[in-house]
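Below is one structure, written out as structure tokens, with a few remarks after it.
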Amino acid sequence: MTEHHRQPSGTAPDRVADAGEAPVTTSAEPSPRGPADPSRHRPDKPSRLRTWGRLDPLLRLLILTQLAFNVGFYAVLPFLAEHLGTAIGMAGWMVGFVLGLRTFSQQGLFVVGGALADRYGVRPVVLVGCVLRIAGFVWLGYAGAAWSVIGAVLLIGFAAALFSPAVESEVARQAVVWEESGGGSRTRVLALFTVAGQAGAFVGPLIGALLLAVDYRVVCLGGAVVFVLVLAGHARLLPQHIPGRERVEVRGGLGGLLRNRRFLALCGTYGAYLLAYNQLYLLLPDEVERATGSQAALAWLFGLSSLLVVTAQLPVTRWAGDRLDLRRSMAAGLLLIAAGFGMVALARPAEWTGTAGLLPAAGFVVLLTLGQMLVAPAARAWVPDLAVEGRLGLYTGAMSSVSGLIVLLGSAGTGSLMDTGLPPAVPWAVLAAVPVASILLLPRRSRAAGRR
């Protein structure tokens, strides 16, 4: 998945009448979503290049930013665990602890970065985040003691907690503007954003593997160079003030967010999806090793997932946009994800090995990725309709933070299931039930939520 994983949020057309109430649409009669008239869409089904060509320069810059962020991140982080265990000599539990700290310092603090973006604007938060990421990568390259490594990874994570919600929330806001100006569905913009992130996640490890032929320090310095280029580009190209984005006080929005039950329900459903997605790193490696005796096939399965997103995300988004509203799109995606877990749960008692043993795992990856293509853009497109005006970044960050907490607790529970001695199909069956149950949390469609 992309570096983190990112939730866009809302903007001017949808306001919350009271901090504790659901949002009320102020625009006059937004078009309802439901099964659309096919004739209305057939004349204008832009290709990826045509959609890209119709975006304004700011949106293009922000989407390319996501690409660059993930190239730099994934050039470094996939090789961190091996570096800590072999070059530095950390015990396995310590390696896991360090990786967990990085995730916590990033996901857990997204809400802080989002609030700062609301208060100070996108540009300063992104620039400071890039500076911190550069410093963190350089520090990590030279860190030799446990305390030094921990300091570096905390800085690396906090940097993302600054720049990611700032970029993601502005992409969501601009996607709504693009939709309301007649450019097309906001989910097409968010799908391009997802494609850019996956492309970066695919290219980054290839660059890192080439640099690793020298040593890990060169890998870290290479990642830092990527962020130096991002910093220079944004210092030159990112506007000082983006029209239509009003700055607000840092304080004052959290209480309303916590009383916004519709938004919290969406966070809960999205957290269930992320918990399922994170099994690529917990249940899947265990299943691949059981089937083949090693984890070598994981690289091919991850590549399959990235390739599917890069090639099929926009067609899937267009198909869903013509037929499904946001709620149905998320529900369909969650059912596909549940089917992927169910496939492995049903096949697991057979104890197949070799190529046959990999087929259920490959089917799981395909169904999980297809589900992701439906869930992620729809969730990001929905947040603008649930967020209070002016609190775009706060809601974006809060969605990541709440979802990250769900993943943390859920992954601990999954790990416990794996250690209890229960039949090996049980964790897969339980994880199949989670996405299905989370559909019940989805907010009912409102006028605002019906707009895509």
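Residues in the structure tokens are named by chain (A, B, ... in the order shown) and by number from 1 within that chain; ligands are numbered from 1 in the order shown.
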Enumerate, in order of chain and increasing residue number, the residues of segment 280-330 of chain A with an atom no farther than 7 Å from segment 355-378 of chain A, each with its shortest atom pair and distance in Å to one decimal, counting only C-alpha atoms, as CSV.
```
residue,atom,partner,partner_atom,distance
A:Leu284,CA,A:Ala361,CA,7.0
A:Val288,CA,A:Leu358,CA,6.6
A:Ala291,CA,A:Gly357,CA,5.1
A:Leu301,CA,A:Ala362,CA,6.6
A:Ser305,CA,A:Thr369,CA,6.0
A:Gln313,CA,A:Met373,CA,5.8
A:Val316,CA,A:Met373,CA,6.9
A:Thr317,CA,A:Leu374,CA,6.9
A:Leu326,CA,A:Ala378,CA,5.3
A:Ser329,CA,A:Leu374,CA,5.6
A:Met330,CA,A:Val375,CA,4.5
```
Can I get the selection written as a PDB file, in the first residue's frame, with C-alpha atoms?
```
ATOM      1  CA  LEU A 284       0.037 -13.705   3.520  1.00  0.00           C
ATOM      2  CA  VAL A 288       3.343 -18.267   1.162  1.00  0.00           C
ATOM      3  CA  ALA A 291       3.061 -23.379   0.565  1.00  0.00           C
ATOM      4  CA  LEU A 301       2.493 -11.256  -5.456  1.00  0.00           C
ATOM      5  CA  SER A 305      -0.999  -6.130  -6.762  1.00  0.00           C
ATOM      6  CA  GLN A 313      -7.686   1.420 -11.227  1.00  0.00           C
ATOM      7  CA  VAL A 316     -12.641   0.108 -12.387  1.00  0.00           C
ATOM      8  CA  THR A 317     -13.318   3.605 -11.070  1.00  0.00           C
ATOM      9  CA  LEU A 326     -20.194   5.746  -2.796  1.00  0.00           C
ATOM     10  CA  SER A 329     -18.957   0.978  -4.129  1.00  0.00           C
ATOM     11  CA  MET A 330     -17.436   0.527  -0.691  1.00  0.00           C
TER      12      MET A 330
END
```
As a VMD selection string, please: every residue in segment 209-295 of chain A that a backbone DSSP assignment puts in alpha helix (DSSP H).
chain A and resid 209 to 212 216 to 237 254 to 258 261 to 277 283 to 292
Save out the residues we just selected, C-alpha atoms, as a tab-separated table (two decimals), in the first residue's frame.
```
chain	number	residue	atom	x	y	z
A	209	ALA	CA	17.69	-2.58	-4.76
A	210	LEU	CA	20.13	-1.02	-7.23
A	211	LEU	CA	21.58	1.29	-4.58
A	212	LEU	CA	21.75	-1.56	-2.06
A	216	TYR	CA	22.34	0.71	2.90
A	217	ARG	CA	23.78	4.15	3.60
A	218	VAL	CA	23.72	4.89	-0.13
A	219	VAL	CA	20.09	3.71	-0.21
A	220	CYS	CA	19.19	6.20	2.55
A	221	LEU	CA	21.08	9.01	0.85
A	222	GLY	CA	19.35	8.19	-2.44
A	223	GLY	CA	15.97	8.45	-0.71
A	224	ALA	CA	17.04	11.79	0.75
A	225	VAL	CA	17.97	13.04	-2.72
A	226	VAL	CA	14.45	12.25	-3.95
A	227	PHE	CA	13.00	14.41	-1.19
A	228	VAL	CA	15.51	17.18	-1.90
A	229	LEU	CA	14.10	17.30	-5.44
A	230	VAL	CA	10.53	17.28	-4.07
A	231	LEU	CA	11.43	20.11	-1.68
A	232	ALA	CA	12.99	22.21	-4.45
A	233	GLY	CA	10.07	21.63	-6.80
A	234	HIS	CA	7.47	22.55	-4.21
A	235	ALA	CA	9.36	25.59	-3.00
A	236	ARG	CA	9.18	26.85	-6.58
A	237	LEU	CA	5.80	25.57	-7.82
A	254	LEU	CA	-11.73	18.03	17.40
A	255	GLY	CA	-14.88	18.12	19.52
A	256	GLY	CA	-17.12	18.44	16.48
A	257	LEU	CA	-15.23	15.65	14.76
A	258	LEU	CA	-15.72	13.31	17.72
A	261	ARG	CA	-21.07	9.92	14.07
A	262	ARG	CA	-21.32	9.56	10.30
A	263	PHE	CA	-17.67	10.39	9.85
A	264	LEU	CA	-16.58	8.09	12.68
A	265	ALA	CA	-18.64	5.29	11.15
A	266	LEU	CA	-16.82	5.80	7.86
A	267	CYS	CA	-13.51	5.71	9.74
A	268	GLY	CA	-14.52	2.41	11.32
A	269	THR	CA	-15.32	0.87	7.95
A	270	TYR	CA	-12.14	2.20	6.41
A	271	GLY	CA	-10.17	0.87	9.35
A	272	ALA	CA	-11.62	-2.59	8.73
A	273	TYR	CA	-10.49	-2.35	5.10
A	274	LEU	CA	-6.98	-1.30	6.16
A	275	LEU	CA	-6.83	-4.15	8.66
A	276	ALA	CA	-7.63	-6.53	5.82
A	277	TYR	CA	-5.08	-4.87	3.55
A	283	LEU	CA	-1.12	-13.60	7.14
A	284	LEU	CA	0.04	-13.71	3.52
A	285	PRO	CA	3.79	-14.19	4.20
A	286	ASP	CA	2.94	-17.04	6.58
A	287	GLU	CA	0.76	-18.71	3.94
A	288	VAL	CA	3.34	-18.27	1.16
A	289	GLU	CA	6.09	-19.75	3.32
A	290	ARG	CA	3.86	-22.71	4.22
A	291	ALA	CA	3.06	-23.38	0.56
A	292	THR	CA	6.54	-22.96	-0.92
```
Kindly indicate which residue among A:Gln174, A:Ser181, A:Thr414, A:Gln107 lies nearest to Pro57 of chain A, using only C-alpha atoms for the distances.
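Answer, going by the shortest atom-to-atom distance: A:Gln174.
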Can you pull out the residues contacting Ala339 of chain A? Cut-off 8 Å, using only C-alpha atoms, and skip same-chain residues under 3 positions away; I want them as a list in words.
Leu335, Leu336, Gly342, Met343, Phe364, Leu367 and Ala432 of chain A
Write out, as a CSV table (one decimal), in the first residue's frame, the residues just selected, with all heavy atoms.
```csv
chain,number,residue,atom,x,y,z
A,335,LEU,N,-17.0,-6.7,0.1
A,335,LEU,CA,-17.4,-8.1,-0.2
A,335,LEU,C,-16.3,-8.9,-1.0
A,335,LEU,O,-16.1,-10.1,-0.8
A,335,LEU,CB,-18.7,-8.1,-0.9
A,335,LEU,CG,-19.9,-7.7,-0.1
A,335,LEU,CD1,-21.2,-7.6,-1.0
A,335,LEU,CD2,-20.2,-8.7,1.1
A,336,LEU,N,-15.7,-8.2,-2.0
A,336,LEU,CA,-14.6,-8.8,-2.7
A,336,LEU,C,-13.4,-9.2,-1.8
A,336,LEU,O,-12.8,-10.2,-1.9
A,336,LEU,CB,-14.1,-7.9,-3.8
A,336,LEU,CG,-15.0,-7.7,-5.0
A,336,LEU,CD1,-14.5,-6.6,-5.9
A,336,LEU,CD2,-15.0,-9.0,-5.8
A,342,GLY,N,-12.0,-15.7,2.3
A,342,GLY,CA,-12.7,-16.9,2.3
A,342,GLY,C,-12.1,-18.0,1.4
A,342,GLY,O,-12.2,-19.2,1.7
A,343,MET,N,-11.6,-17.5,0.3
A,343,MET,CA,-10.9,-18.4,-0.6
A,343,MET,C,-9.8,-19.2,0.1
A,343,MET,O,-9.7,-20.4,0.0
A,343,MET,CB,-10.4,-17.7,-1.8
A,343,MET,CG,-9.7,-18.6,-2.9
A,343,MET,SD,-8.9,-17.6,-4.2
A,343,MET,CE,-10.4,-16.9,-4.9
A,364,PHE,N,-6.3,-14.5,-3.4
A,364,PHE,CA,-6.5,-13.5,-2.3
A,364,PHE,C,-6.0,-12.1,-2.7
A,364,PHE,O,-6.7,-11.1,-2.5
A,364,PHE,CB,-5.9,-14.0,-1.0
A,364,PHE,CG,-5.7,-13.0,0.0
A,364,PHE,CD1,-6.7,-12.5,0.8
A,364,PHE,CD2,-4.4,-12.5,0.3
A,364,PHE,CE1,-6.6,-11.5,1.7
A,364,PHE,CE2,-4.2,-11.5,1.3
A,364,PHE,CZ,-5.3,-11.0,2.0
A,367,LEU,N,-8.3,-10.5,-5.4
A,367,LEU,CA,-9.6,-10.0,-4.9
A,367,LEU,C,-9.4,-8.8,-3.9
A,367,LEU,O,-10.2,-7.9,-3.9
A,367,LEU,CB,-10.3,-11.2,-4.2
A,367,LEU,CG,-10.9,-12.2,-5.1
A,367,LEU,CD1,-11.4,-13.4,-4.3
A,367,LEU,CD2,-11.9,-11.6,-6.0
A,432,ALA,N,-12.3,-12.8,7.1
A,432,ALA,CA,-13.3,-12.7,6.1
A,432,ALA,C,-14.6,-12.1,6.6
A,432,ALA,O,-15.3,-11.4,5.9
A,432,ALA,CB,-13.6,-14.1,5.5
```
Using only C-alpha atoms for the distances, tell me which of A:Thr194, A:Leu155, A:Arg119, A:Phe341 is nearest to Ala312 of chain A.
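Answer, going by the shortest atom-to-atom distance: A:Thr194.
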Distance atom CA of Leu55 of chain A-atom CA of Ala196 of chain A, one decimal place?
14.5 Å
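Residue nearest Tyr395 of chain A, chosen from A:Val383, A:Ile439, A:Val71, A:Ala433 and counting only C-alpha atoms: A:Val383.
Residue nearest Val309 of chain A within the list A:Asp215, A:Val98, A:Phe202, A:Leu280: A:Phe202 [criterion: smallest interatomic distance, only C-alpha atoms].
Remark: for Arg54 of chain A, the closest of the candidate residues A:Gly421, A:Trp178, A:Gln198, A:Tyr281 is A:Trp178 (distances computed over only C-alpha atoms).
Put simply, atom CA of Arg259 of chain A is 17.5 Å away from atom CA of Trp382 of chain A.
The shortest atom-to-atom distance to Val426 of chain A, with only C-alpha atoms taken into account, belongs to A:Val344 out of A:Val344, A:Ile88, A:Val407, A:Val125.
Going from atom CA of Val402 of chain A to atom CA of Phe110 of chain A covers 9.4 Å.
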